[in-house]
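Data block for input.txt (compact mmCIF, C-alpha atoms and all ligand atoms):
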```
# COMPACT_ATOMS: atom_id res chain seq x y z
CA MET A 1 73.50 -234.61 -50.64
CA THR A 2 71.88 -231.71 -52.49
CA LEU A 3 73.76 -228.92 -54.19
CA PHE A 4 72.84 -225.30 -54.88
CA GLY A 5 69.77 -223.64 -53.35
CA PRO A 6 65.97 -223.31 -53.45
CA LYS A 7 65.84 -221.09 -56.56
CA THR A 8 67.88 -223.69 -58.45
CA HIS A 9 65.65 -226.54 -57.33
CA ALA A 10 62.50 -224.62 -58.25
CA LEU A 11 63.90 -223.80 -61.69
CA GLN A 12 64.85 -227.43 -62.22
CA GLU A 13 61.31 -228.52 -61.39
CA ARG A 14 59.89 -225.90 -63.78
CA ALA A 15 62.36 -226.80 -66.54
CA GLN A 16 61.59 -230.50 -66.29
CA LYS A 17 57.97 -229.83 -67.21
CA VAL A 18 59.00 -228.62 -70.66
CA ILE A 19 62.56 -229.87 -71.32
CA PRO A 20 63.59 -233.55 -70.94
CA LEU A 21 65.64 -233.78 -67.71
CA GLY A 22 65.32 -229.98 -67.55
CA VAL A 23 68.50 -229.48 -69.58
CA ASN A 24 69.37 -229.17 -73.27
CA SER A 25 72.15 -231.73 -73.31
CA ASN A 26 72.25 -234.97 -71.32
CA PHE A 27 75.74 -234.02 -70.14
CA ARG A 28 74.33 -231.01 -68.24
CA TYR A 29 72.21 -233.10 -65.90
CA TRP A 30 73.96 -233.83 -62.59
CA GLY A 31 70.95 -235.28 -60.77
CA GLN A 32 67.87 -234.08 -58.88
CA LYS A 33 68.66 -231.01 -56.75
CA LYS A 34 72.25 -231.25 -57.92
CA THR A 35 72.11 -229.69 -61.36
CA PRO A 36 73.47 -226.15 -61.77
CA TYR A 37 71.36 -223.38 -63.34
CA VAL A 38 73.31 -220.31 -64.34
CA SER A 39 72.38 -216.62 -64.43
CA GLN A 40 75.48 -214.96 -65.87
CA ALA A 41 79.21 -215.14 -66.44
CA LYS A 42 82.11 -212.76 -66.91
CA GLY A 43 85.82 -213.50 -67.36
CA ALA A 44 86.74 -216.60 -65.37
CA TYR A 45 83.63 -216.48 -63.19
CA LEU A 46 80.05 -217.53 -63.38
CA TRP A 47 77.11 -216.94 -61.08
CA ASP A 48 74.30 -219.40 -60.45
CA VAL A 49 70.67 -218.39 -60.10
CA GLU A 50 71.17 -218.04 -56.34
CA GLY A 51 73.73 -215.30 -57.07
CA LYS A 52 76.67 -217.41 -55.88
CA ARG A 53 79.99 -216.91 -57.69
CA TYR A 54 82.22 -219.73 -58.97
CA ILE A 55 85.67 -219.84 -60.52
CA ASP A 56 84.72 -221.64 -63.70
CA TYR A 57 86.87 -224.51 -65.01
CA ARG A 58 84.14 -225.96 -67.22
CA LEU A 59 84.10 -222.98 -69.55
CA ALA A 60 81.07 -224.23 -71.45
CA PHE A 61 82.82 -227.61 -72.17
CA GLY A 62 85.88 -225.78 -73.50
CA PRO A 63 84.91 -223.02 -75.96
CA ILE A 64 85.72 -220.10 -73.66
CA ILE A 65 89.42 -219.56 -74.36
CA LEU A 66 89.60 -215.82 -73.61
CA GLY A 67 86.98 -215.45 -70.90
CA HIS A 68 83.21 -215.27 -70.60
CA ALA A 69 81.60 -212.19 -72.19
CA TYR A 70 85.01 -211.05 -73.45
CA ASP A 71 84.46 -207.40 -74.39
CA GLU A 72 86.47 -207.23 -77.61
CA VAL A 73 84.81 -210.34 -79.02
CA ASP A 74 81.31 -209.28 -78.00
CA GLU A 75 81.77 -205.79 -79.45
CA LYS A 76 82.82 -207.24 -82.82
CA VAL A 77 79.84 -209.59 -82.80
CA VAL A 78 77.38 -206.79 -81.99
CA GLU A 79 78.93 -204.50 -84.64
CA GLU A 80 78.65 -207.20 -87.30
CA VAL A 81 75.21 -208.47 -86.33
CA ARG A 82 73.83 -204.96 -86.70
CA LYS A 83 74.73 -205.27 -90.40
CA GLY A 84 72.70 -208.48 -90.72
CA ALA A 85 72.87 -211.87 -89.07
CA LEU A 86 72.53 -214.28 -92.00
CA PHE A 87 72.51 -213.92 -95.80
CA ALA A 88 72.73 -217.24 -97.69
CA MET A 89 75.58 -215.43 -99.43
CA THR A 90 79.25 -215.15 -98.69
CA SER A 91 80.75 -212.16 -96.91
CA GLU A 92 84.31 -210.84 -96.85
CA LEU A 93 84.45 -211.46 -93.10
CA GLU A 94 84.12 -215.23 -93.51
CA VAL A 95 86.81 -215.26 -96.20
CA GLU A 96 89.06 -213.49 -93.70
CA VAL A 97 88.27 -216.06 -91.00
CA ALA A 98 89.12 -218.87 -93.46
CA GLU A 99 92.41 -217.10 -94.29
CA LYS A 100 93.24 -216.79 -90.59
CA ILE A 101 92.58 -220.51 -89.98
CA VAL A 102 94.74 -221.50 -92.95
CA ARG A 103 97.52 -219.25 -91.61
CA ILE A 104 97.28 -220.53 -88.01
CA CYS A 105 96.67 -224.28 -88.49
CA PRO A 106 99.67 -225.99 -90.07
CA GLY A 107 97.86 -228.80 -91.92
CA VAL A 108 94.94 -226.76 -93.21
CA GLU A 109 95.01 -225.54 -96.81
CA MET A 110 91.26 -225.09 -97.29
CA VAL A 111 88.35 -224.84 -94.92
CA ARG A 112 84.56 -225.06 -94.84
CA PHE A 113 82.42 -223.80 -91.94
CA ALA A 114 79.68 -225.45 -89.91
CA THR A 115 78.00 -224.55 -86.62
CA SER A 116 78.93 -227.37 -84.24
CA GLY A 117 81.62 -229.95 -83.68
CA THR A 118 79.10 -232.70 -84.41
CA GLU A 119 78.44 -231.32 -87.87
CA ALA A 120 82.16 -230.85 -88.50
CA THR A 121 82.97 -234.51 -87.82
CA MET A 122 79.90 -235.68 -89.74
CA HIS A 123 81.03 -233.70 -92.80
CA ALA A 124 84.64 -234.85 -92.42
CA LEU A 125 83.56 -238.50 -92.42
CA ARG A 126 81.52 -238.01 -95.59
CA ILE A 127 84.40 -236.25 -97.33
CA ALA A 128 86.78 -239.06 -96.32
CA ARG A 129 84.36 -241.70 -97.59
CA ALA A 130 83.83 -239.81 -100.82
CA TYR A 131 87.56 -239.33 -101.35
CA THR A 132 88.50 -242.96 -100.75
CA GLY A 133 85.36 -244.67 -102.08
CA ARG A 134 85.43 -246.78 -98.89
CA GLU A 135 83.04 -246.90 -95.93
CA ILE A 136 84.65 -248.25 -92.76
CA ILE A 137 85.71 -245.84 -90.02
CA ILE A 138 88.16 -246.64 -87.23
CA LYS A 139 87.73 -244.78 -83.93
CA PHE A 140 89.20 -245.22 -80.45
CA GLU A 141 87.34 -246.20 -77.29
CA GLY A 142 86.62 -243.22 -75.03
CA ASN A 143 86.88 -240.69 -77.85
CA TYR A 144 83.77 -238.65 -78.57
CA HIS A 145 83.19 -237.00 -81.92
CA GLY A 146 79.77 -235.46 -81.37
CA PHE A 147 76.23 -236.75 -81.49
CA GLN A 148 76.14 -238.06 -85.08
CA ASP A 149 75.44 -241.80 -85.26
CA TYR A 150 78.54 -242.89 -87.22
CA THR A 151 81.03 -242.55 -84.37
CA LEU A 152 78.78 -242.54 -81.30
CA TRP A 153 80.14 -245.97 -80.42
CA SER A 154 82.26 -247.01 -77.42
CA THR A 155 82.29 -243.49 -76.06
CA TYR A 156 80.66 -243.36 -72.64
CA ALA A 157 79.69 -246.97 -72.03
CA SER A 158 81.39 -249.01 -69.35
CA ALA A 159 84.59 -250.42 -70.78
CA ASP A 160 83.54 -253.77 -69.23
CA THR A 161 81.18 -254.12 -72.18
CA TYR A 162 83.90 -253.58 -74.80
CA GLY A 163 85.08 -257.20 -74.91
CA ASN A 164 88.65 -258.32 -75.24
CA ALA A 165 91.14 -255.67 -76.33
CA ARG A 166 92.29 -257.93 -79.19
CA SER A 167 88.81 -257.96 -80.70
CA PRO A 168 86.83 -255.04 -79.25
CA ILE A 169 83.05 -254.92 -79.49
CA PRO A 170 81.69 -251.54 -80.66
CA ILE A 171 78.99 -250.44 -78.20
CA PRO A 172 76.44 -247.81 -79.33
CA ALA A 173 76.11 -244.94 -76.86
CA SER A 174 72.36 -244.66 -77.34
CA SER A 175 69.20 -246.42 -78.31
CA GLY A 176 68.15 -245.26 -81.74
CA ILE A 177 71.51 -245.70 -83.44
CA PRO A 178 70.87 -247.98 -86.44
CA ARG A 179 72.45 -251.38 -85.81
CA HIS A 180 73.56 -251.56 -89.45
CA LEU A 181 76.06 -248.81 -88.74
CA ARG A 182 77.97 -251.31 -86.66
CA ASP A 183 79.21 -252.84 -89.94
CA LEU A 184 80.88 -249.52 -90.70
CA ILE A 185 82.75 -248.90 -87.44
CA ILE A 186 85.80 -250.53 -85.89
CA THR A 187 86.68 -249.52 -82.33
CA LEU A 188 90.09 -249.95 -80.71
CA PRO A 189 91.69 -248.99 -77.40
CA PHE A 190 93.54 -245.66 -77.60
CA ASN A 191 97.33 -245.99 -77.74
CA ASP A 192 97.06 -249.58 -79.01
CA PHE A 193 99.79 -249.72 -81.67
CA GLU A 194 99.57 -253.46 -82.06
CA GLY A 195 95.77 -253.57 -82.30
CA LEU A 196 95.74 -250.93 -85.01
CA GLU A 197 98.43 -252.76 -86.96
CA ARG A 198 96.50 -256.04 -86.69
CA VAL A 199 93.18 -254.57 -87.81
CA LEU A 200 94.76 -252.80 -90.75
CA ARG A 201 96.53 -255.96 -91.86
CA SER A 202 93.13 -257.62 -92.21
CA VAL A 203 90.87 -254.80 -93.47
CA GLY A 204 93.14 -251.80 -94.13
CA GLU A 205 92.14 -251.55 -97.79
CA GLU A 206 88.47 -251.06 -96.82
CA VAL A 207 89.01 -248.29 -94.29
CA ALA A 208 88.00 -244.76 -95.34
CA ALA A 209 89.19 -242.91 -92.26
CA ILE A 210 90.85 -243.17 -88.90
CA ILE A 211 89.40 -240.47 -86.69
CA THR A 212 90.90 -239.55 -83.36
CA GLU A 213 91.16 -236.82 -80.80
CA PRO A 214 94.86 -236.01 -80.34
CA ALA A 215 94.49 -236.55 -76.59
CA GLN A 216 91.30 -238.01 -75.17
CA GLY A 217 89.50 -234.78 -74.39
CA ASN A 218 86.45 -236.82 -73.47
CA CYS A 219 88.26 -239.40 -71.38
CA ALA A 220 90.37 -237.72 -68.71
CA THR A 221 92.63 -236.02 -71.28
CA ILE A 222 94.61 -239.25 -71.75
CA GLU A 223 97.62 -238.27 -73.81
CA PRO A 224 98.86 -240.10 -76.89
CA MET A 225 101.89 -242.26 -76.10
CA PRO A 226 105.03 -241.04 -77.83
CA GLY A 227 104.78 -241.92 -81.51
CA PHE A 228 101.11 -242.99 -81.48
CA LEU A 229 99.75 -240.13 -83.59
CA GLU A 230 102.73 -240.43 -85.94
CA PHE A 231 102.01 -244.17 -86.21
CA ILE A 232 98.44 -243.40 -87.28
CA ARG A 233 99.81 -240.95 -89.87
CA GLN A 234 102.21 -243.56 -91.22
CA LYS A 235 99.56 -246.30 -91.39
CA CYS A 236 97.10 -243.99 -93.13
CA ASP A 237 99.74 -243.30 -95.79
CA GLU A 238 100.48 -247.00 -96.15
CA TYR A 239 96.82 -247.99 -96.67
CA GLY A 240 95.49 -244.87 -98.43
CA ILE A 241 93.29 -243.97 -95.45
CA VAL A 242 92.20 -240.41 -94.59
CA PHE A 243 93.54 -239.33 -91.20
CA ILE A 244 90.96 -237.11 -89.46
CA LEU A 245 92.24 -235.30 -86.39
CA ASP A 246 89.33 -234.14 -84.27
CA GLU A 247 90.61 -230.88 -82.80
CA VAL A 248 87.22 -229.74 -81.51
CA LYS A 249 88.67 -229.54 -77.99
CA THR A 250 92.39 -229.07 -78.68
CA GLY A 251 92.11 -226.58 -81.57
CA PHE A 252 93.10 -223.01 -80.65
CA ARG A 253 93.64 -224.29 -77.11
CA ILE A 254 96.77 -226.43 -76.65
CA ALA A 255 98.56 -224.16 -79.13
CA ASN A 256 97.21 -221.56 -81.56
CA GLY A 257 97.56 -224.23 -84.26
CA GLY A 258 96.20 -226.95 -81.94
CA ALA A 259 97.67 -230.45 -81.78
CA GLN A 260 99.01 -230.12 -85.31
CA GLU A 261 101.35 -227.41 -84.13
CA TYR A 262 101.99 -228.98 -80.71
CA TYR A 263 102.91 -232.43 -82.10
CA ASN A 264 104.15 -231.21 -85.48
CA LEU A 265 101.57 -233.46 -87.10
CA ARG A 266 99.86 -233.19 -90.49
CA PRO A 267 96.52 -235.02 -90.68
CA ASP A 268 94.55 -235.10 -93.93
CA LEU A 269 91.49 -233.44 -92.39
CA ALA A 270 90.91 -231.69 -89.09
CA THR A 271 87.74 -230.61 -87.33
CA TYR A 272 87.33 -227.52 -85.15
CA ALA A 273 84.62 -225.80 -83.10
CA LYS A 274 84.67 -224.75 -79.42
CA ALA A 275 87.58 -222.30 -78.84
CA LEU A 276 87.38 -221.05 -82.43
CA GLY A 277 84.53 -218.69 -81.46
CA ASN A 278 85.06 -218.13 -77.71
CA GLY A 279 81.49 -219.28 -77.15
CA TYR A 280 79.78 -218.22 -80.38
CA PRO A 281 78.51 -221.07 -82.58
CA ILE A 282 81.03 -221.83 -85.27
CA ALA A 283 82.87 -224.94 -86.47
CA ALA A 284 85.22 -225.78 -89.31
CA ILE A 285 86.40 -228.71 -91.38
CA GLY A 286 89.82 -228.11 -92.86
CA GLY A 287 92.62 -230.00 -94.51
CA LYS A 288 94.57 -230.82 -97.60
CA ARG A 289 93.58 -228.97 -100.75
CA GLU A 290 93.47 -232.20 -102.73
CA ILE A 291 90.85 -233.68 -100.42
CA MET A 292 88.87 -230.52 -99.60
CA SER A 293 88.64 -229.70 -103.32
CA ILE A 294 86.25 -232.59 -103.94
CA ILE A 295 83.55 -230.71 -102.00
CA GLY A 296 81.06 -229.40 -104.54
CA HIS A 297 82.19 -231.96 -107.13
CA GLY A 298 79.66 -234.64 -106.36
CA VAL A 299 80.28 -234.26 -102.62
CA ALA A 300 77.67 -232.51 -100.49
CA GLN A 301 78.43 -230.06 -97.70
CA GLY A 302 76.26 -227.18 -96.58
CA GLY A 303 74.06 -225.71 -93.89
CA THR A 304 71.85 -222.63 -93.49
CA PHE A 305 73.76 -221.40 -90.45
CA ASN A 306 77.29 -222.31 -91.60
CA ASN A 307 78.28 -218.65 -91.93
CA ASN A 308 76.11 -217.28 -89.13
CA LYS A 309 77.37 -213.83 -88.29
CA PRO A 310 77.74 -214.22 -84.52
CA GLY A 311 79.89 -217.31 -85.10
CA ILE A 312 81.94 -215.80 -87.91
CA ALA A 313 82.45 -212.48 -86.10
CA GLY A 314 83.21 -214.32 -82.84
CA ALA A 315 85.85 -216.38 -84.65
CA TRP A 316 87.26 -213.31 -86.41
CA ALA A 317 87.78 -211.50 -83.09
CA THR A 318 89.02 -214.58 -81.20
CA LEU A 319 91.61 -215.45 -83.85
CA THR A 320 92.71 -211.80 -84.07
CA ILE A 321 93.39 -211.77 -80.32
CA LEU A 322 95.10 -215.19 -80.39
CA GLU A 323 97.49 -213.96 -83.08
CA ARG A 324 98.10 -210.61 -81.38
CA GLU A 325 98.61 -211.59 -77.73
CA PRO A 326 100.39 -214.39 -75.83
CA VAL A 327 97.05 -215.96 -74.87
CA ILE A 328 98.03 -219.63 -74.80
CA GLN A 329 101.45 -218.94 -73.25
CA THR A 330 99.82 -216.96 -70.43
CA ILE A 331 97.20 -219.62 -69.71
CA TRP A 332 99.93 -222.27 -69.94
CA LYS A 333 101.97 -220.74 -67.09
CA ARG A 334 98.96 -220.44 -64.81
CA GLY A 335 97.68 -223.88 -65.71
CA GLN A 336 101.06 -225.41 -65.02
CA ARG A 337 100.99 -223.94 -61.51
CA LEU A 338 97.49 -225.32 -61.00
CA MET A 339 98.47 -228.80 -62.20
CA GLU A 340 101.57 -228.85 -60.01
CA GLY A 341 99.66 -227.50 -57.01
CA LEU A 342 96.98 -230.17 -57.35
CA LYS A 343 99.62 -232.87 -57.68
CA GLU A 344 101.18 -231.69 -54.44
CA ILE A 345 97.81 -231.68 -52.66
CA PHE A 346 97.11 -235.28 -53.70
CA GLU A 347 100.62 -236.34 -52.66
CA ASP A 348 100.26 -234.62 -49.26
CA ASN A 349 97.05 -236.56 -48.74
CA GLY A 350 98.51 -239.90 -49.87
CA ILE A 351 96.13 -240.18 -52.83
CA PRO A 352 97.68 -241.65 -55.98
CA ALA A 353 96.75 -239.42 -58.93
CA VAL A 354 97.58 -239.31 -62.62
CA ILE A 355 97.48 -235.74 -63.87
CA SER A 356 97.29 -235.76 -67.64
CA GLY A 357 96.86 -233.32 -70.49
CA TYR A 358 98.06 -229.78 -71.05
CA PRO A 359 98.00 -226.74 -68.76
CA THR A 360 95.16 -225.23 -70.81
CA MET A 361 93.10 -228.45 -70.58
CA PHE A 362 93.90 -231.24 -68.13
CA SER A 363 92.42 -233.95 -65.93
CA PHE A 364 93.28 -235.98 -62.88
CA SER A 365 92.45 -239.64 -62.37
CA LEU A 366 92.55 -240.77 -58.74
CA GLY A 367 93.72 -244.00 -57.17
CA VAL A 368 95.67 -245.17 -60.24
CA GLU A 369 99.33 -245.02 -61.24
CA LYS A 370 99.03 -245.07 -65.03
CA VAL A 371 96.29 -244.32 -67.56
CA THR A 372 96.72 -244.98 -71.27
CA CYS A 373 93.19 -245.78 -72.45
CA GLN A 374 89.57 -245.87 -71.27
CA ARG A 375 90.01 -249.45 -70.08
CA ASP A 376 92.61 -248.52 -67.47
CA TRP A 377 91.01 -245.15 -66.68
CA GLN A 378 87.95 -247.13 -65.61
CA GLU A 379 89.96 -248.50 -62.68
CA SER A 380 90.25 -244.99 -61.21
CA ASP A 381 88.36 -243.91 -58.10
CA ARG A 382 85.40 -242.08 -59.60
CA GLU A 383 83.46 -241.97 -56.34
CA LEU A 384 86.22 -240.02 -54.65
CA TYR A 385 86.36 -237.68 -57.65
CA LEU A 386 82.63 -237.00 -57.43
CA ARG A 387 82.77 -236.43 -53.66
CA LEU A 388 85.60 -234.01 -54.16
CA GLN A 389 83.78 -232.24 -56.99
CA GLU A 390 80.63 -231.71 -54.97
CA ILE A 391 82.53 -230.21 -52.03
CA ALA A 392 84.57 -228.02 -54.42
CA VAL A 393 81.38 -226.71 -56.04
CA GLU A 394 80.02 -225.84 -52.61
CA HIS A 395 83.21 -223.87 -52.04
CA GLY A 396 82.95 -221.94 -55.29
CA VAL A 397 85.27 -223.95 -57.58
CA MET A 398 83.33 -225.23 -60.56
CA PHE A 399 84.57 -228.22 -62.55
CA ASP A 400 82.59 -231.00 -64.17
CA HIS A 401 81.08 -233.83 -62.16
CA ASP A 402 82.25 -236.27 -64.82
CA PRO A 403 85.96 -237.02 -64.31
CA ARG A 404 86.33 -237.66 -68.04
CA GLU A 405 85.62 -234.00 -68.77
CA PRO A 406 88.80 -231.90 -68.49
CA TRP A 407 89.40 -228.79 -66.44
CA PHE A 408 89.63 -225.91 -68.91
CA LEU A 409 91.48 -222.65 -68.31
CA CYS A 410 91.10 -219.32 -70.06
CA TYR A 411 93.03 -216.07 -70.51
CA SER A 412 90.88 -214.43 -67.81
CA HIS A 413 91.94 -216.85 -65.05
CA SER A 414 94.36 -214.77 -62.97
CA ASP A 415 97.19 -215.83 -60.69
CA ALA A 416 94.89 -214.92 -57.80
CA ASP A 417 92.23 -217.32 -59.15
CA ILE A 418 94.79 -220.12 -59.24
CA ASP A 419 95.82 -219.32 -55.63
CA GLU A 420 92.20 -219.27 -54.49
CA THR A 421 91.51 -222.57 -56.28
CA LEU A 422 94.52 -224.29 -54.72
CA ASN A 423 93.56 -223.05 -51.25
CA VAL A 424 90.04 -224.36 -51.70
CA MET A 425 91.23 -227.66 -53.17
CA ALA A 426 93.64 -228.27 -50.27
CA ASP A 427 90.65 -228.19 -47.87
CA VAL A 428 88.33 -230.02 -50.26
CA VAL A 429 90.67 -232.99 -50.70
CA LYS A 430 91.11 -233.29 -46.92
CA GLN A 431 87.33 -233.25 -46.42
CA ALA A 432 86.63 -235.67 -49.27
CA LYS A 433 89.14 -238.15 -47.87
CA LYS A 434 87.17 -238.40 -44.62
C1 LIG B 501 86.41 -234.00 -79.65
C2 LIG B 501 85.01 -233.56 -79.89
N1 LIG B 501 84.47 -233.68 -81.11
C3 LIG B 501 83.22 -233.26 -81.37
C4 LIG B 501 82.44 -232.74 -80.37
C5 LIG B 501 81.03 -232.28 -80.68
O1 LIG B 501 80.99 -230.90 -80.67
P1 LIG B 501 79.58 -230.14 -80.48
O2 LIG B 501 79.18 -230.36 -79.06
O3 LIG B 501 79.92 -228.72 -80.81
O4 LIG B 501 78.63 -230.73 -81.46
C6 LIG B 501 82.95 -232.60 -79.09
C7 LIG B 501 82.13 -232.02 -78.01
O5 LIG B 501 82.46 -232.05 -76.84
C8 LIG B 501 84.28 -233.02 -78.83
O6 LIG B 501 84.82 -232.92 -77.62
```
Using the file provided, produce a representation of the structure as structure tokens.
Ligand SMILES: Cc1ncc(COP(=O)(O)O)c(C=O)c1O
Amino acid sequence: MTLFGPKTHALQERAQKVIPLGVNSNFRYWGQKKTPYVSQAKGAYLWDVEGKRYIDYRLAFGPIILGHAYDEVDEKVVEEVRKGALFAMTSELEVEVAEKIVRICPGVEMVRFATSGTEATMHALRIARAYTGREIIIKFEGNYHGFQDYTLWSTYASADTYGNARSPIPIPASSGIPRHLRDLIITLPFNDFEGLERVLRSVGEEVAAIITEPAQGNCATIEPMPGFLEFIRQKCDEYGIVFILDEVKTGFRIANGGAQEYYNLRPDLATYAKALGNGYPIAAIGGKREIMSIIGHGVAQGGTFNNNKPGIAGAWATLTILEREPVIQTIWKRGQRLMEGLKEIFEDNGIPAVISGYPTMFSFSLGVEKVTCQRDWQESDRELYLRLQEIAVEHGVMFDHDPREPWFLCYSHSDADIDETLNVMADVVKQAKK
């Protein structure tokens, strides 16, 4: 089966002559004559190079919280960029953005900026190592913390390669990751209370940080079991470990104050990017004053583009709107209707489905009754998901071809968009079942 049309296929061919796979992130490649090429987007919609319109639930992998090309954000960015895009000096605007983040995010007392989620987690890991004087990092299978080498282990590989859950084998997600880094990483299944306890009993005093996404935003939005995040908090206190909550996907999305607000949780450090700038490049590392204060005192953190004006102005406008209007509440109501509608469609068609996550960011795993970690998610029917996705795309509903990537909603998705999506999905599921 091919997707999209002749202009798309021609552009893919042209792109592949100068860009590996013809895309600028491996995740954007869906296959030959199956990979989307976009021309523009506005609100909840995007148009491909053929001129076909889609209701967009990918939202650039999550950053678009208000809507594509959101006028108020874009106007602020243009206004600020006209005064200069980059200075290697600090502006009042970025101080204001830092103040807003500290006000909105419950566990954040100080903040430093970066340009991508990858950089944010990379900096957070260094700060944690510097603060504790230790080197080992614990991460959970199926979580993704960006393309830096330290935590790019047991992310997208087949869970069959992960070994026994009592003694998991960390699997690098790429050639080129130094094998010596394996000595510095411990991987565990998500939601594994007992496994975490066991590992800490043996090496807890050597662990610098436990890093986790609050819910597995890169593995079908698997939610934390009740008490799991609190258990990590408690264990970090017990062993003097820095708790890093990676809110790159959940920040400014599942609540204004992200998972920290939603779960009433206080990590030591948190990382942000994505929804912070509604599509403009900006990221942040924030956390406890005591820990953040070591930056600049023998601890390195920097970057030429850390205060890039489009990112800073984009964040300023996005946070202003989030604080002024019921953005998340509005998306929540519409997302809830979408989740419930999809559940009904799967039930009507006799397809077991686990719908997990939050109305602003959720996933469905097909053919399974329960999903608590990547190991049991792997049992889900991914072929059916892909079939369904390809038919949905043909019918103008755009979500990712990878079932681990959530559906994202934004403030610009209307009730009518949800109705249209549910109508399409009712037909799509029937067709895919055949
Ligand atoms: C939880 C999480 N952390 C970090 C990253 C990396 O962010 P970026 O792609 O901005 O480098 C991502 C990206 O999807 C993510 O989902």
* **Distance query range 147-157 of chain A at most 8 Å, only C-alpha atoms, self and fewer than 3 positions along chain excluded, as an NGL selection string** => :A and (118-119 or 122 or 139-144 or 161-162 or 170-174 or 177-178 or 181 or 184-185 or 187)
* Residues at most 7 Å from ligand LIG 501 (chain B), using all atoms listed in the file? Could they come as a PyMOL selection string? -> chain A and resi 61+116-119+121+143-147+213+217-218+246-249+273-274
Box for range 33-45 of chain A - axis-aligned, 4 Å on each of the six sides, all listed atoms - centre and size in Å to one decimal, as AutoDock Vina command-line options.
```
--center_x 77.7 --center_y -222.0 --center_z -62.1 --size_x 26.1 --size_y 26.5 --size_z 18.6
```
With a cut-off of 8 Å, could you pull out the residues of range 261-293 of chain A touching range 228-233 of chain A and give me the nearest pair of atoms for each, distance in Å to one decimal, using only C-alpha atoms, ordered by chain and ascending number, as CSV?
```
residue,atom,partner,partner_atom,distance
A:Leu265,CA,A:Glu230,CA,7.2
A:Arg266,CA,A:Arg233,CA,7.8
A:Pro267,CA,A:Arg233,CA,6.8
```
Go ahead and save the residues from that selection, with C-alpha atoms, as a compact mmCIF listing (two decimals), in the coordinates of the input.
```txt
# COMPACT_ATOMS: atom_id res chain seq x y z
CA LEU A 265 101.57 -233.46 -87.10
CA ARG A 266 99.86 -233.19 -90.49
CA PRO A 267 96.52 -235.02 -90.68
```
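The closest residue to Pro226 in chain A, picked from A:Thr372, A:Ser365, A:Ser91, A:Gln389 and counting all atoms listed in the file, is A:Thr372.
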Could you name the residues that touch Met89 in chain A at 12 Å or less, counting all atoms listed in the file, but leaving out those on the same chain fewer than 2 positions away, as a PDB file with C-alpha atoms, keeping the file's coordinate frame?
```
ATOM      1  CA  GLY A  84      72.700-208.480 -90.720  1.00  0.00           C
ATOM      2  CA  ALA A  85      72.870-211.870 -89.070  1.00  0.00           C
ATOM      3  CA  LEU A  86      72.530-214.280 -92.000  1.00  0.00           C
ATOM      4  CA  PHE A  87      72.510-213.920 -95.800  1.00  0.00           C
ATOM      5  CA  SER A  91      80.750-212.160 -96.910  1.00  0.00           C
ATOM      6  CA  GLU A  92      84.310-210.840 -96.850  1.00  0.00           C
ATOM      7  CA  LEU A  93      84.450-211.460 -93.100  1.00  0.00           C
ATOM      8  CA  GLU A  94      84.120-215.230 -93.510  1.00  0.00           C
ATOM      9  CA  VAL A  95      86.810-215.260 -96.200  1.00  0.00           C
ATOM     10  CA  GLY A 303      74.060-225.710 -93.890  1.00  0.00           C
ATOM     11  CA  THR A 304      71.850-222.630 -93.490  1.00  0.00           C
ATOM     12  CA  PHE A 305      73.760-221.400 -90.450  1.00  0.00           C
ATOM     13  CA  ASN A 306      77.290-222.310 -91.600  1.00  0.00           C
ATOM     14  CA  ASN A 307      78.280-218.650 -91.930  1.00  0.00           C
ATOM     15  CA  ASN A 308      76.110-217.280 -89.130  1.00  0.00           C
ATOM     16  CA  LYS A 309      77.370-213.830 -88.290  1.00  0.00           C
TER      17      LYS A 309
END
```
Could I see range 39-46 of chain A restored to N, CA and C atoms, set down as a PDB file, in the frame of the given file?
```pdb
ATOM      1  N   SER A  39      73.014-217.898 -64.057  1.00  0.00           N
ATOM      2  CA  SER A  39      72.380-216.620 -64.430  1.00  0.00           C
ATOM      3  C   SER A  39      73.296-215.785 -65.311  1.00  0.00           C
ATOM      4  N   GLN A  40      74.585-215.722 -65.002  1.00  0.00           N
ATOM      5  CA  GLN A  40      75.480-214.960 -65.870  1.00  0.00           C
ATOM      6  C   GLN A  40      76.932-215.341 -65.646  1.00  0.00           C
ATOM      7  N   ALA A  41      77.778-214.844 -66.555  1.00  0.00           N
ATOM      8  CA  ALA A  41      79.210-215.140 -66.440  1.00  0.00           C
ATOM      9  C   ALA A  41      80.012-213.974 -66.974  1.00  0.00           C
ATOM     10  N   LYS A  42      81.199-213.806 -66.421  1.00  0.00           N
ATOM     11  CA  LYS A  42      82.110-212.760 -66.910  1.00  0.00           C
ATOM     12  C   LYS A  42      83.534-213.218 -66.593  1.00  0.00           C
ATOM     13  N   GLY A  43      84.427-213.110 -67.578  1.00  0.00           N
ATOM     14  CA  GLY A  43      85.820-213.500 -67.360  1.00  0.00           C
ATOM     15  C   GLY A  43      85.925-214.956 -66.961  1.00  0.00           C
ATOM     16  N   ALA A  44      86.560-215.215 -65.822  1.00  0.00           N
ATOM     17  CA  ALA A  44      86.740-216.600 -65.370  1.00  0.00           C
ATOM     18  C   ALA A  44      85.644-217.029 -64.397  1.00  0.00           C
ATOM     19  N   TYR A  45      84.639-216.188 -64.213  1.00  0.00           N
ATOM     20  CA  TYR A  45      83.630-216.480 -63.190  1.00  0.00           C
ATOM     21  C   TYR A  45      82.253-216.714 -63.797  1.00  0.00           C
ATOM     22  N   LEU A  46      81.470-217.514 -63.068  1.00  0.00           N
ATOM     23  CA  LEU A  46      80.050-217.530 -63.380  1.00  0.00           C
ATOM     24  C   LEU A  46      79.250-217.494 -62.096  1.00  0.00           C
TER      25      LEU A  46
END
```
